[in-house]
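Visitor: Quick one, run36.pdb (PDB, C-alpha atoms):
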ATOM      1  CA  MET A   1     126.958  78.359  87.779
ATOM      2  CA  THR A   2     125.640  80.068  90.913
ATOM      3  CA  VAL A   3     123.211  82.863  90.306
ATOM      4  CA  ARG A   4     124.090  85.990  92.233
ATOM      5  CA  GLU A   5     121.754  86.540  95.180
ATOM      6  CA  TYR A   6     118.710  88.484  94.074
ATOM      7  CA  PRO A   7     116.446  90.932  95.925
ATOM      8  CA  VAL A   8     113.110  90.160  94.231
ATOM      9  CA  SER A   9     111.366  86.840  93.744
ATOM     10  CA  GLY A  10     107.802  85.741  93.230
ATOM     11  CA  ILE A  11     105.165  88.321  92.402
ATOM     12  CA  CYS A  12     106.268  91.929  92.888
ATOM     13  CA  PRO A  13     103.459  94.234  91.708
ATOM     14  CA  VAL A  14     104.105  97.730  90.392
ATOM     15  CA  LEU A  15     101.880 100.080  92.370
ATOM     16  CA  GLU A  16      99.486 102.341  90.530
ATOM     17  CA  THR A  17      99.009 105.926  91.684
ATOM     18  CA  PRO A  18      95.395 106.590  92.702
ATOM     19  CA  PHE A  19      94.036 110.048  91.974
ATOM     20  CA  THR A  20      90.840 111.697  93.112
ATOM     21  CA  ALA A  21      88.180 112.458  90.519
ATOM     22  CA  ASP A  22      89.606 115.966  90.131
ATOM     23  CA  GLY A  23      93.145 114.708  89.530
ATOM     24  CA  GLU A  24      94.795 115.171  92.908
ATOM     25  CA  VAL A  25      96.894 112.373  94.387
ATOM     26  CA  ASP A  26      94.787 110.198  96.688
ATOM     27  CA  TYR A  27      97.336 109.554  99.438
ATOM     28  CA  PRO A  28      94.978 107.623 101.764
ATOM     29  CA  GLY A  29      93.915 105.535  98.754
ATOM     30  CA  PHE A  30      97.567 104.739  98.056
ATOM     31  CA  GLU A  31      97.999 103.490 101.619
ATOM     32  CA  ARG A  32      94.851 101.342 101.341
ATOM     33  CA  LEU A  33      96.209  99.813  98.146
ATOM     34  CA  ILE A  34      99.462  98.923  99.903
ATOM     35  CA  ASP A  35      97.533  97.383 102.789
ATOM     36  CA  HIS A  36      95.476  95.283 100.367
ATOM     37  CA  LEU A  37      98.586  93.869  98.710
ATOM     38  CA  VAL A  38     100.247  93.104 102.036
ATOM     39  CA  GLY A  39      97.011  91.463 103.154
ATOM     40  CA  ILE A  40      96.915  89.014 100.239
ATOM     41  CA  GLY A  41     100.504  87.948 100.859
ATOM     42  CA  VAL A  42     102.610  90.192  98.632
ATOM     43  CA  ARG A  43     106.090  90.677 100.067
ATOM     44  CA  SER A  44     107.637  93.002  97.510
ATOM     45  CA  VAL A  45     106.401  95.870  95.366
ATOM     46  CA  MET A  46     107.981  98.374  93.005
ATOM     47  CA  TYR A  47     107.223 102.073  92.833
ATOM     48  CA  PRO A  48     107.089 104.133  90.707
ATOM     49  CA  GLY A  49     106.973 102.457  87.295
ATOM     50  CA  PHE A  50     105.382 103.190  83.957
ATOM     51  CA  ALA A  51     102.175 101.747  85.435
ATOM     52  CA  SER A  52     102.395 104.365  88.210
ATOM     53  CA  GLU A  53     102.142 107.277  85.752
ATOM     54  CA  PHE A  54     105.447 108.543  87.105
ATOM     55  CA  LEU A  55     105.808 110.921  84.166
ATOM     56  CA  LYS A  56     102.706 112.740  85.439
ATOM     57  CA  LEU A  57     103.843 113.204  89.042
ATOM     58  CA  SER A  58     105.605 116.208  90.503
ATOM     59  CA  ASP A  59     108.840 115.653  92.415
ATOM     60  CA  ALA A  60     107.048 116.456  95.662
ATOM     61  CA  GLU A  61     104.270 113.955  94.916
ATOM     62  CA  ARG A  62     106.753 111.227  94.078
ATOM     63  CA  ASP A  63     108.746 111.885  97.227
ATOM     64  CA  THR A  64     105.650 111.818  99.430
ATOM     65  CA  LEU A  65     104.322 108.615  97.868
ATOM     66  CA  THR A  66     107.715 106.928  98.184
ATOM     67  CA  THR A  67     107.910 107.882 101.846
ATOM     68  CA  LEU A  68     104.383 106.582 102.459
ATOM     69  CA  LEU A  69     105.274 103.251 100.879
ATOM     70  CA  LEU A  70     108.455 102.830 102.898
ATOM     71  CA  ASP A  71     106.792 103.872 106.154
ATOM     72  CA  ARG A  72     103.775 101.623 105.527
ATOM     73  CA  THR A  73     105.849  98.490 104.880
ATOM     74  CA  ARG A  74     108.842  99.024 107.160
ATOM     75  CA  ASP A  75     107.542  96.653 109.834
ATOM     76  CA  VAL A  76     106.184  93.966 107.492
ATOM     77  CA  ALA A  77     108.363  90.914 107.974
ATOM     78  CA  GLY A  78     110.376  90.001 104.895
ATOM     79  CA  PHE A  79     109.022  92.866 102.814
ATOM     80  CA  VAL A  80     111.199  94.361 100.057
ATOM     81  CA  ALA A  81     110.205  97.793  98.760
ATOM     82  CA  VAL A  82     111.871  98.333  95.382
ATOM     83  CA  ILE A  83     112.128 102.052  94.659
ATOM     84  CA  SER A  84     112.497 102.912  91.001
ATOM     85  CA  VAL A  85     114.730 105.731  89.806
ATOM     86  CA  PRO A  86     113.640 106.693  86.282
ATOM     87  CA  ASP A  87     115.189 110.178  86.383
ATOM     88  CA  HIS A  88     116.996 111.198  83.198
ATOM     89  CA  ALA A  89     119.676 113.386  84.824
ATOM     90  CA  LEU A  90     122.434 111.415  86.536
ATOM     91  CA  LYS A  91     122.743 113.820  89.482
ATOM     92  CA  LEU A  92     119.003 113.737  90.154
ATOM     93  CA  ALA A  93     118.917 109.961  89.848
ATOM     94  CA  VAL A  94     121.829 109.509  92.264
ATOM     95  CA  ASP A  95     120.307 111.911  94.783
ATOM     96  CA  ARG A  96     116.926 110.205  94.608
ATOM     97  CA  ALA A  97     118.443 106.730  94.920
ATOM     98  CA  ARG A  98     120.478 107.735  97.965
ATOM     99  CA  SER A  99     117.418 109.278  99.577
ATOM    100  CA  ALA A 100     115.391 106.103  99.039
ATOM    101  CA  VAL A 101     118.115 103.968 100.604
ATOM    102  CA  ARG A 102     118.328 106.279 103.620
ATOM    103  CA  GLN A 103     114.590 105.814 104.091
ATOM    104  CA  GLY A 104     114.853 102.042 103.990
ATOM    105  CA  ALA A 105     114.422 100.919 100.370
ATOM    106  CA  GLY A 106     115.263  97.249 100.002
ATOM    107  CA  ALA A 107     116.438  97.651  96.410
ATOM    108  CA  ILE A 108     116.785 100.315  93.738
ATOM    109  CA  ASN A 109     115.343  99.805  90.269
ATOM    110  CA  VAL A 110     117.222 101.781  87.619
ATOM    111  CA  LEU A 111     115.538 102.739  84.356
ATOM    112  CA  PRO A 112     118.415 103.879  82.121
ATOM    113  CA  PRO A 113     118.160 107.361  80.589
ATOM    114  CA  HIS A 114     116.630 107.392  77.142
ATOM    115  CA  GLN A 115     115.417 110.867  76.274
ATOM    116  CA  LEU A 116     117.289 112.685  73.473
ATOM    117  CA  GLY A 117     119.340 109.627  72.564
ATOM    118  CA  PRO A 118     122.123 109.344  75.180
ATOM    119  CA  SER A 119     125.209 107.428  74.066
ATOM    120  CA  SER A 120     125.798 103.861  75.194
ATOM    121  CA  ALA A 121     128.699 105.126  77.309
ATOM    122  CA  ALA A 122     126.396 107.622  79.034
ATOM    123  CA  VAL A 123     123.813 104.909  79.715
ATOM    124  CA  ARG A 124     126.434 102.673  81.286
ATOM    125  CA  GLN A 125     127.822 105.531  83.376
ATOM    126  CA  HIS A 126     124.326 106.329  84.615
ATOM    127  CA  VAL A 127     123.685 102.768  85.813
ATOM    128  CA  GLN A 128     127.140 102.336  87.309
ATOM    129  CA  GLU A 129     127.173 105.638  89.206
ATOM    130  CA  ILE A 130     123.832 104.859  90.815
ATOM    131  CA  ALA A 131     125.111 101.409  91.793
ATOM    132  CA  ARG A 132     128.239 102.991  93.265
ATOM    133  CA  ALA A 133     126.194 105.549  95.191
ATOM    134  CA  VAL A 134     123.873 103.037  96.879
ATOM    135  CA  ALA A 135     126.232 100.061  97.399
ATOM    136  CA  PRO A 136     125.741  97.545  98.906
ATOM    137  CA  THR A 137     121.983  98.012  98.372
ATOM    138  CA  PRO A 138     120.876  95.736  95.498
ATOM    139  CA  VAL A 139     120.226  97.313  92.102
ATOM    140  CA  VAL A 140     117.719  95.962  89.585
ATOM    141  CA  LEU A 141     118.364  97.101  86.015
ATOM    142  CA  GLN A 142     115.138  97.640  84.074
ATOM    143  CA  TYR A 143     115.472  96.828  80.394
ATOM    144  CA  ALA A 144     112.425  98.087  78.494
ATOM    145  CA  PRO A 145     113.603  98.708  74.917
ATOM    146  CA  ALA A 146     110.108  99.133  73.463
ATOM    147  CA  GLN A 147     109.466 102.072  75.782
ATOM    148  CA  THR A 148     112.962 103.543  75.852
ATOM    149  CA  GLY A 149     114.894 102.422  72.772
ATOM    150  CA  THR A 150     117.821 101.462  75.017
ATOM    151  CA  ALA A 151     120.017  98.708  73.567
ATOM    152  CA  LEU A 152     121.697  96.373  76.072
ATOM    153  CA  ASP A 153     122.542  92.683  76.091
ATOM    154  CA  GLY A 154     123.693  90.016  78.520
ATOM    155  CA  PRO A 155     127.461  90.555  78.137
ATOM    156  CA  ILE A 156     127.169  94.336  78.585
ATOM    157  CA  ILE A 157     125.030  93.964  81.705
ATOM    158  CA  ALA A 158     127.339  91.279  83.122
ATOM    159  CA  GLU A 159     130.349  93.528  82.559
ATOM    160  CA  MET A 160     128.696  96.236  84.664
ATOM    161  CA  ALA A 161     127.784  93.662  87.311
ATOM    162  CA  ARG A 162     131.382  92.433  87.562
ATOM    163  CA  GLU A 163     132.534  95.937  88.432
ATOM    164  CA  PHE A 164     129.551  96.694  90.672
ATOM    165  CA  PRO A 165     128.401  93.493  92.402
ATOM    166  CA  ASN A 166     125.215  95.091  93.741
ATOM    167  CA  ILE A 167     123.888  95.138  90.151
ATOM    168  CA  CYS A 168     122.373  91.738  90.720
ATOM    169  CA  GLN A 169     119.078  91.460  88.846
ATOM    170  CA  VAL A 170     117.377  92.521  85.623
ATOM    171  CA  LYS A 171     113.748  93.375  84.963
ATOM    172  CA  ALA A 172     113.381  91.963  81.467
ATOM    173  CA  GLU A 173     110.789  93.734  79.322
ATOM    174  CA  SER A 174     112.178  93.062  75.880
ATOM    175  CA  THR A 175     109.707  91.496  73.465
ATOM    176  CA  PRO A 176     110.059  88.635  73.886
ATOM    177  CA  PRO A 177     112.125  88.598  77.105
ATOM    178  CA  GLY A 178     113.057  84.925  77.059
ATOM    179  CA  ALA A 179     116.297  85.151  75.082
ATOM    180  CA  LEU A 180     117.686  87.826  77.407
ATOM    181  CA  ILE A 181     116.696  85.842  80.500
ATOM    182  CA  SER A 182     118.558  82.806  79.183
ATOM    183  CA  GLN A 183     121.535  84.903  78.119
ATOM    184  CA  LEU A 184     121.868  86.501  81.554
ATOM    185  CA  LEU A 185     122.074  83.115  83.228
ATOM    186  CA  GLU A 186     124.975  82.197  80.931
ATOM    187  CA  GLN A 187     127.069  85.202  81.954
ATOM    188  CA  THR A 188     129.736  85.570  84.594
ATOM    189  CA  PRO A 189     128.301  86.461  87.005
ATOM    190  CA  ALA A 190     125.040  84.703  86.229
ATOM    191  CA  LEU A 191     122.225  87.197  86.774
ATOM    192  CA  SER A 192     118.627  86.510  87.733
ATOM    193  CA  SER A 193     115.645  88.114  86.045
ATOM    194  CA  VAL A 194     112.103  89.104  86.787
ATOM    195  CA  VAL A 195     109.760  89.554  83.861
ATOM    196  CA  GLY A 196     107.593  92.611  83.346
ATOM    197  CA  TYR A 197     105.282  93.625  80.496
ATOM    198  CA  GLY A 198     102.179  92.416  82.294
ATOM    199  CA  GLY A 199     103.403  88.828  82.364
ATOM    200  CA  VAL A 200     102.361  88.227  78.753
ATOM    201  CA  GLN A 201     105.415  85.957  78.328
ATOM    202  CA  LEU A 202     105.434  84.742  81.935
ATOM    203  CA  ILE A 203     105.348  80.996  81.254
ATOM    204  CA  ASP A 204     108.260  81.133  78.809
ATOM    205  CA  ALA A 205     110.146  83.351  81.259
ATOM    206  CA  LEU A 206     109.655  80.856  84.096
ATOM    207  CA  ARG A 207     110.793  77.976  81.900
ATOM    208  CA  ARG A 208     113.954  79.935  81.147
ATOM    209  CA  GLY A 209     114.708  80.594  84.814
ATOM    210  CA  ALA A 210     113.024  83.878  85.710
ATOM    211  CA  VAL A 211     112.594  84.132  89.478
ATOM    212  CA  GLY A 212     109.492  86.304  89.477
ATOM    213  CA  ALA A 213     107.264  88.809  87.747
ATOM    214  CA  GLN A 214     106.392  92.498  88.092
ATOM    215  CA  PRO A 215     102.870  93.003  86.732
ATOM    216  CA  GLY A 216     100.421  95.735  87.669
ATOM    217  CA  CYS A 217      98.494  95.570  90.927
ATOM    218  CA  SER A 218      94.775  95.403  90.119
ATOM    219  CA  PHE A 219      94.429  91.607  89.941
ATOM    220  CA  THR A 220      97.512  90.430  91.807
ATOM    221  CA  GLU A 221      95.658  87.416  93.192
ATOM    222  CA  LEU A 222      95.785  85.746  89.778
ATOM    223  CA  TYR A 223      99.539  86.114  89.517
ATOM    224  CA  LEU A 224      99.997  84.855  93.081
ATOM    225  CA  GLN A 225      97.924  81.776  92.285
ATOM    226  CA  LEU A 226      99.865  81.161  89.083
ATOM    227  CA  TRP A 227     103.166  81.526  90.919
ATOM    228  CA  ALA A 228     102.092  79.229  93.770
ATOM    229  CA  ASN A 229     101.068  76.539  91.286
ATOM    230  CA  TRP A 230     104.342  76.811  89.381
ATOM    231  CA  GLN A 231     106.429  76.645  92.564
ATOM    232  CA  ALA A 232     104.486  73.609  93.783
ATOM    233  CA  GLY A 233     105.118  71.746  90.530
ATOM    234  CA  ARG A 234     101.554  72.161  89.308
ATOM    235  CA  GLU A 235     102.738  73.527  85.989
ATOM    236  CA  ASP A 236      99.637  72.447  84.074
ATOM    237  CA  GLN A 237      97.440  74.476  86.427
ATOM    238  CA  ALA A 238      99.740  77.491  86.139
ATOM    239  CA  ILE A 239      99.680  77.294  82.350
ATOM    240  CA  ALA A 240      95.910  76.871  82.289
ATOM    241  CA  LEU A 241      95.412  80.000  84.386
ATOM    242  CA  HIS A 242      97.852  81.982  82.250
ATOM    243  CA  THR A 243      96.072  80.792  79.115
ATOM    244  CA  ARG A 244      92.805  82.174  80.478
ATOM    245  CA  MET A 245      94.459  85.496  81.342
ATOM    246  CA  LEU A 246      96.340  85.880  78.077
ATOM    247  CA  PRO A 247      93.571  87.233  75.786
ATOM    248  CA  TYR A 248      93.029  90.066  78.238
ATOM    249  CA  ILE A 249      96.584  91.001  79.201
ATOM    250  CA  SER A 250      97.882  90.699  75.630
ATOM    251  CA  TYR A 251      95.218  93.175  74.487
ATOM    252  CA  TRP A 252      95.813  95.628  77.337
ATOM    253  CA  MET A 253      99.575  95.512  76.910
ATOM    254  CA  GLN A 254      99.339  96.967  73.399
ATOM    255  CA  GLY A 255      99.949 100.360  74.962
ATOM    256  CA  VAL A 256     101.190 101.715  78.291
ATOM    257  CA  GLU A 257      98.284 104.130  78.667
ATOM    258  CA  LEU A 258      95.838 101.351  77.759
ATOM    259  CA  ILE A 259      97.050  98.971  80.463
ATOM    260  CA  ILE A 260      97.042 101.824  82.999
ATOM    261  CA  ALA A 261      93.438 102.730  82.150
ATOM    262  CA  ALA A 262      92.316  99.088  82.178
ATOM    263  CA  GLU A 263      93.962  98.285  85.496
ATOM    264  CA  LYS A 264      92.588 101.407  87.136
ATOM    265  CA  ARG A 265      89.093 100.505  85.950
ATOM    266  CA  ILE A 266      89.536  97.033  87.450
ATOM    267  CA  SER A 267      90.896  98.447  90.710
ATOM    268  CA  ARG A 268      87.980 100.844  91.003
ATOM    269  CA  LEU A 269      85.379  98.166  90.254
ATOM    270  CA  ARG A 270      86.993  95.884  92.833
ATOM    271  CA  GLY A 271      86.942  98.625  95.472
ATOM    272  CA  LEU A 272      90.727  98.901  95.686
ATOM    273  CA  ILE A 273      90.676 102.600  94.759
ATOM    274  CA  ASP A 274      87.878 105.171  94.734
ATOM    275  CA  SER A 275      88.516 106.711  91.310
ATOM    276  CA  GLU A 276      89.945 105.400  88.052
ATOM    277  CA  HIS A 277      91.120 108.886  87.053
ATOM    278  CA  CYS A 278      94.280 108.972  84.933
ATOM    279  CA  ARG A 279      96.060 112.267  84.493
ATOM    280  CA  ALA A 280      95.995 113.636  80.970
ATOM    281  CA  PRO A 281      97.197 112.837  78.451
ATOM    282  CA  ALA A 282      95.484 109.518  79.054
ATOM    283  CA  ARG A 283      93.849 106.702  77.112
ATOM    284  CA  ALA A 284      90.049 106.638  77.223
ATOM    285  CA  LEU A 285      88.507 103.169  77.181
ATOM    286  CA  ASP A 286      85.872 102.618  74.509
ATOM    287  CA  ALA A 287      82.646 100.681  75.018
ATOM    288  CA  GLU A 288      84.072  97.324  73.898
ATOM    289  CA  GLU A 289      87.115  97.731  76.147
ATOM    290  CA  GLU A 290      84.822  98.464  79.070
ATOM    291  CA  ALA A 291      82.810  95.352  78.192
ATOM    292  CA  MET A 292      86.032  93.328  78.068
ATOM    293  CA  ILE A 293      86.870  94.385  81.615
ATOM    294  CA  ALA A 294      83.382  93.375  82.749
ATOM    295  CA  ARG A 295      83.880  89.948  81.136
ATOM    296  CA  PHE A 296      87.284  89.619  82.794
ATOM    297  CA  LEU A 297      85.835  90.294  86.247
ATOM    298  CA  ARG A 298      83.015  87.806  85.673
ATOM    299  CA  GLU A 299      85.398  85.109  84.445
ATOM    300  CA  PHE A 300      87.788  85.494  87.385
ATOM    301  CA  GLU A 301      85.240  86.345  90.068
ATOM    302  CA  ALA A 302      86.058  83.277  92.150
ATOM    303  CA  GLU A 303      89.826  83.819  92.018
ATOM    304  CA  LEU A 304      89.538  87.502  92.874
ATOM    305  CA  SER A 305      87.111  86.878  95.735
ATOM    306  CA  VAL A 306      84.988  89.918  94.971
ATOM    307  CA  ALA A 307      82.289  90.421  97.582
ATOM    308  CA  GLY A 308      80.060  93.404  98.082
ATOM    309  CA  GLY A 309      82.154  95.623  95.821
ATOM    310  CA  GLN A 310      85.251  95.064  97.953
ATOM    311  CA  ALA A 311      88.243  92.928  97.099
ATOM    312  CA  GLY A 312      88.664  89.998  99.394
ATOM    313  CA  THR A 313      91.917  88.432 100.511
ATOM    314  CA  ARG A 314      93.443  85.047 100.073
ATOM    315  CA  SER A 315      96.063  83.212 102.034
ATOM    316  CA  GLY A 316      99.548  82.613 100.815
ATOM    317  CA  GLY A 317     101.972  84.821  98.973
ATOM    318  CA  PRO A 318     104.851  85.081  96.591
ATOM    319  CA  HIS A 319     107.067  82.659  98.487
ATOM    320  CA  GLU A 320     104.586  79.819  98.874
TER
END
Now that the file is in, can you turn its structure into structure tokens?

Guide:
Amino acid sequence: MTVREYPVSGICPVLETPFTADGEVDYPGFERLIDHLVGIGVRSVMYPGFASEFLKLSDAERDTLTTLLLDRTRDVAGFVAVISVPDHALKLAVDRARSAVRQGAGAINVLPPHQLGPSSAAVRQHVQEIARAVAPTPVVLQYAPAQTGTALDGPIIAEMAREFPNICQVKAESTPPGALISQLLEQTPALSSVVGYGGVQLIDALRRGAVGAQPGCSFTELYLQLWANWQAGREDQAIALHTRMLPYISYWMQGVELIIAAEKRISRLRGLIDSEHCRAPARALDAEEEAMIARFLREFEAELSVAGGQAGTRSGGPHE
């Protein structure tokens, strides 16, 4: 069965939102972060996600950051900017999705509404109306039941995709995601998946047919190397790298605020951003967690090409 054409493949980081030490959005820092990712070969990103602290941004801040991303990547060959629409209200979500498409978004990521227990019919209407509003722009449906409590499955998603063909991909963040990834490929239409949740289950997801991953953005080089090895048939090397990463990412992914704090610490230590500030309420790292991050950076120093406090670049990218 042919898998419907998909907008995202390879490694598609979710951008973090850098703040100054006093909690203001660091717009120049955001642009530098984008430039770093483009420079190491990334050709798609998503913004904003849970890792972006979108719940702590004003509408004006989100709009400005989205515009900066689209303007900064518009002329990068083959680049796909995936703009996420996590708004709870259908009207606001539709308006924001349309605005992103007008500005050049390559795809729209839809996080279904989940506050105050919307009915399954309301969830489906929300996804479908956004797809209708932005067609033919591709729509990625984000399924994150641990964070949202939303209950979907392969047949339900495929039914929506039959009516709205631009619903063409799923970001699978169920725990574990593998069963859903396999189930989606068995549907009509067959739907591709990218795996989120920090890539904790990345190897299983790839074995089941996932076409990419959406981790955070503080150590993207590791995911790019893993992906390049897997694509080149060097599965043992990909698995070995993932095995080394797993004790760290599995610990950090125990909580959304924990992974945000850890990744921002890593980004700051690597020179990707100037401040690791997270807007309150936030998760403070304890001494052992700080030590863990130091061990992580020592273990992966060669892969991350850290030099003089600045993150280096490496050749290649998500489509190697």

Visitor: Taking a cut-off of 12 Å and counting all atoms listed in the file, can you build a table that, for each residue of region 18-95 of chain A near region 280-295 of chain A, reports the nearest atom pair and how far apart they are in Å (one decimal), sorted by chain then residue number, as JSON lines?

Guide:
{"residue": "A:Phe19", "atom": "CA", "partner": "A:Ala280", "partner_atom": "CA", "distance": 11.7}
{"residue": "A:Asp22", "atom": "CA", "partner": "A:Ala280", "partner_atom": "CA", "distance": 11.4}
{"residue": "A:Gly23", "atom": "CA", "partner": "A:Ala280", "partner_atom": "CA", "distance": 9.1}
{"residue": "A:Glu53", "atom": "CA", "partner": "A:Ala282", "partner_atom": "CA", "distance": 9.7}
{"residue": "A:Leu55", "atom": "CA", "partner": "A:Pro281", "partner_atom": "CA", "distance": 10.5}
{"residue": "A:Lys56", "atom": "CA", "partner": "A:Ala280", "partner_atom": "CA", "distance": 8.1}
{"residue": "A:Leu57", "atom": "CA", "partner": "A:Ala280", "partner_atom": "CA", "distance": 11.3}

Visitor: Would you write out, as an MDAnalysis selection string, every residue that the PyMOL selection byres ((chain A and resi 164-172) around 6) captures in this file?

Guide: chainID A and resid 6 136 138:143 161:163 173:174 177 191:195

Visitor: Export, as a short mmCIF file (atom, residue, chain, number, x, y, z; two decimals), keeping the file's coordinate frame, the selected residues with C-alpha atoms.

Guide:
data_model
loop_
_atom_site.label_atom_id
_atom_site.label_comp_id
_atom_site.auth_asym_id
_atom_site.auth_seq_id
_atom_site.Cartn_x
_atom_site.Cartn_y
_atom_site.Cartn_z
CA TYR A 6 118.71 88.48 94.07
CA PRO A 136 125.74 97.54 98.91
CA PRO A 138 120.88 95.74 95.50
CA VAL A 139 120.23 97.31 92.10
CA VAL A 140 117.72 95.96 89.58
CA LEU A 141 118.36 97.10 86.02
CA GLN A 142 115.14 97.64 84.07
CA TYR A 143 115.47 96.83 80.39
CA ALA A 161 127.78 93.66 87.31
CA ARG A 162 131.38 92.43 87.56
CA GLU A 163 132.53 95.94 88.43
CA GLU A 173 110.79 93.73 79.32
CA SER A 174 112.18 93.06 75.88
CA PRO A 177 112.12 88.60 77.10
CA LEU A 191 122.22 87.20 86.77
CA SER A 192 118.63 86.51 87.73
CA SER A 193 115.64 88.11 86.04
CA VAL A 194 112.10 89.10 86.79
CA VAL A 195 109.76 89.55 83.86
#

Visitor: Counting all atoms listed in the file, what are the residues of region 30-80 of chain A within 10 Å of region 251-260 of chain A, and for each of them which pair of atoms is the nearest and at what distance in Å, to one decimal? Sort the table by chain and rising number, as a tab-separated table.

Guide:
residue	atom	partner	partner_atom	distance
A:Phe50	CA	A:Val256	CA	7.2
A:Ala51	CA	A:Ile260	CA	5.7
A:Ser52	CA	A:Ile260	CA	7.9
A:Glu53	CA	A:Ile260	CA	8.0

Visitor: Can you work out which one of A:Gln201, A:Gly41, A:Pro7, A:Arg132 has the shortest atom-to-atom distance to Gly106 (chain A), counting only C-alpha atoms?

Guide: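 Closest to Gly106 (chain A), using only C-alpha atoms: A:Pro7.
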
Visitor: As an exercise, work out the distance from CA of Glu276 (chain A) to CA of Ala262 (chain A) in Å and give it to one decimal place.

Guide: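 Going from CA of Glu276 (chain A) over to CA of Ala262 (chain A), I get 8.9 Å.
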
Visitor: Missing atoms in region 285-302 of chain A: can you complete it with N, CA and C atoms, as a PDB file, keeping the file's coordinate frame?

Guide:
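Saved to result_10.pdb:
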ATOM      1  N   LEU A 285      89.011 104.477  77.577  1.00  0.00           N
ATOM      2  CA  LEU A 285      88.507 103.169  77.181  1.00  0.00           C
ATOM      3  C   LEU A 285      87.239 103.339  76.354  1.00  0.00           C
ATOM      4  N   ASP A 286      87.111 102.556  75.273  1.00  0.00           N
ATOM      5  CA  ASP A 286      85.872 102.618  74.509  1.00  0.00           C
ATOM      6  C   ASP A 286      84.892 101.581  75.061  1.00  0.00           C
ATOM      7  N   ALA A 287      83.701 101.520  74.481  1.00  0.00           N
ATOM      8  CA  ALA A 287      82.646 100.681  75.018  1.00  0.00           C
ATOM      9  C   ALA A 287      83.027  99.204  75.016  1.00  0.00           C
ATOM     10  N   GLU A 288      83.682  98.740  73.954  1.00  0.00           N
ATOM     11  CA  GLU A 288      84.072  97.324  73.898  1.00  0.00           C
ATOM     12  C   GLU A 288      85.159  97.016  74.912  1.00  0.00           C
ATOM     13  N   GLU A 289      86.073  97.946  75.133  1.00  0.00           N
ATOM     14  CA  GLU A 289      87.115  97.731  76.147  1.00  0.00           C
ATOM     15  C   GLU A 289      86.518  97.695  77.547  1.00  0.00           C
ATOM     16  N   GLU A 290      85.520  98.522  77.788  1.00  0.00           N
ATOM     17  CA  GLU A 290      84.822  98.464  79.070  1.00  0.00           C
ATOM     18  C   GLU A 290      84.104  97.125  79.230  1.00  0.00           C
ATOM     19  N   ALA A 291      83.490  96.646  78.153  1.00  0.00           N
ATOM     20  CA  ALA A 291      82.810  95.352  78.192  1.00  0.00           C
ATOM     21  C   ALA A 291      83.809  94.219  78.432  1.00  0.00           C
ATOM     22  N   MET A 292      84.989  94.334  77.855  1.00  0.00           N
ATOM     23  CA  MET A 292      86.032  93.328  78.068  1.00  0.00           C
ATOM     24  C   MET A 292      86.404  93.238  79.543  1.00  0.00           C
ATOM     25  N   ILE A 293      86.531  94.374  80.192  1.00  0.00           N
ATOM     26  CA  ILE A 293      86.870  94.385  81.615  1.00  0.00           C
ATOM     27  C   ILE A 293      85.752  93.741  82.428  1.00  0.00           C
ATOM     28  N   ALA A 294      84.504  94.011  82.056  1.00  0.00           N
ATOM     29  CA  ALA A 294      83.382  93.375  82.749  1.00  0.00           C
ATOM     30  C   ALA A 294      83.439  91.861  82.576  1.00  0.00           C
ATOM     31  N   ARG A 295      83.766  91.398  81.370  1.00  0.00           N
ATOM     32  CA  ARG A 295      83.880  89.948  81.136  1.00  0.00           C
ATOM     33  C   ARG A 295      85.024  89.365  81.959  1.00  0.00           C
ATOM     34  N   PHE A 296      86.126  90.068  82.010  1.00  0.00           N
ATOM     35  CA  PHE A 296      87.284  89.619  82.794  1.00  0.00           C
ATOM     36  C   PHE A 296      86.892  89.421  84.262  1.00  0.00           C
ATOM     37  N   LEU A 297      86.206  90.392  84.834  1.00  0.00           N
ATOM     38  CA  LEU A 297      85.835  90.294  86.247  1.00  0.00           C
ATOM     39  C   LEU A 297      84.824  89.175  86.481  1.00  0.00           C
ATOM     40  N   ARG A 298      83.940  88.932  85.529  1.00  0.00           N
ATOM     41  CA  ARG A 298      83.015  87.806  85.673  1.00  0.00           C
ATOM     42  C   ARG A 298      83.765  86.474  85.590  1.00  0.00           C
ATOM     43  N   GLU A 299      84.681  86.379  84.629  1.00  0.00           N
ATOM     44  CA  GLU A 299      85.398  85.109  84.445  1.00  0.00           C
ATOM     45  C   GLU A 299      86.247  84.755  85.659  1.00  0.00           C
ATOM     46  N   PHE A 300      86.859  85.761  86.280  1.00  0.00           N
ATOM     47  CA  PHE A 300      87.788  85.494  87.385  1.00  0.00           C
ATOM     48  C   PHE A 300      87.202  85.867  88.744  1.00  0.00           C
ATOM     49  N   GLU A 301      85.876  85.917  88.820  1.00  0.00           N
ATOM     50  CA  GLU A 301      85.240  86.345  90.068  1.00  0.00           C
ATOM     51  C   GLU A 301      85.663  85.475  91.250  1.00  0.00           C
ATOM     52  N   ALA A 302      85.709  84.170  91.049  1.00  0.00           N
ATOM     53  CA  ALA A 302      86.058  83.277  92.150  1.00  0.00           C
ATOM     54  C   ALA A 302      87.493  83.500  92.615  1.00  0.00           C
TER      55      ALA A 302
END
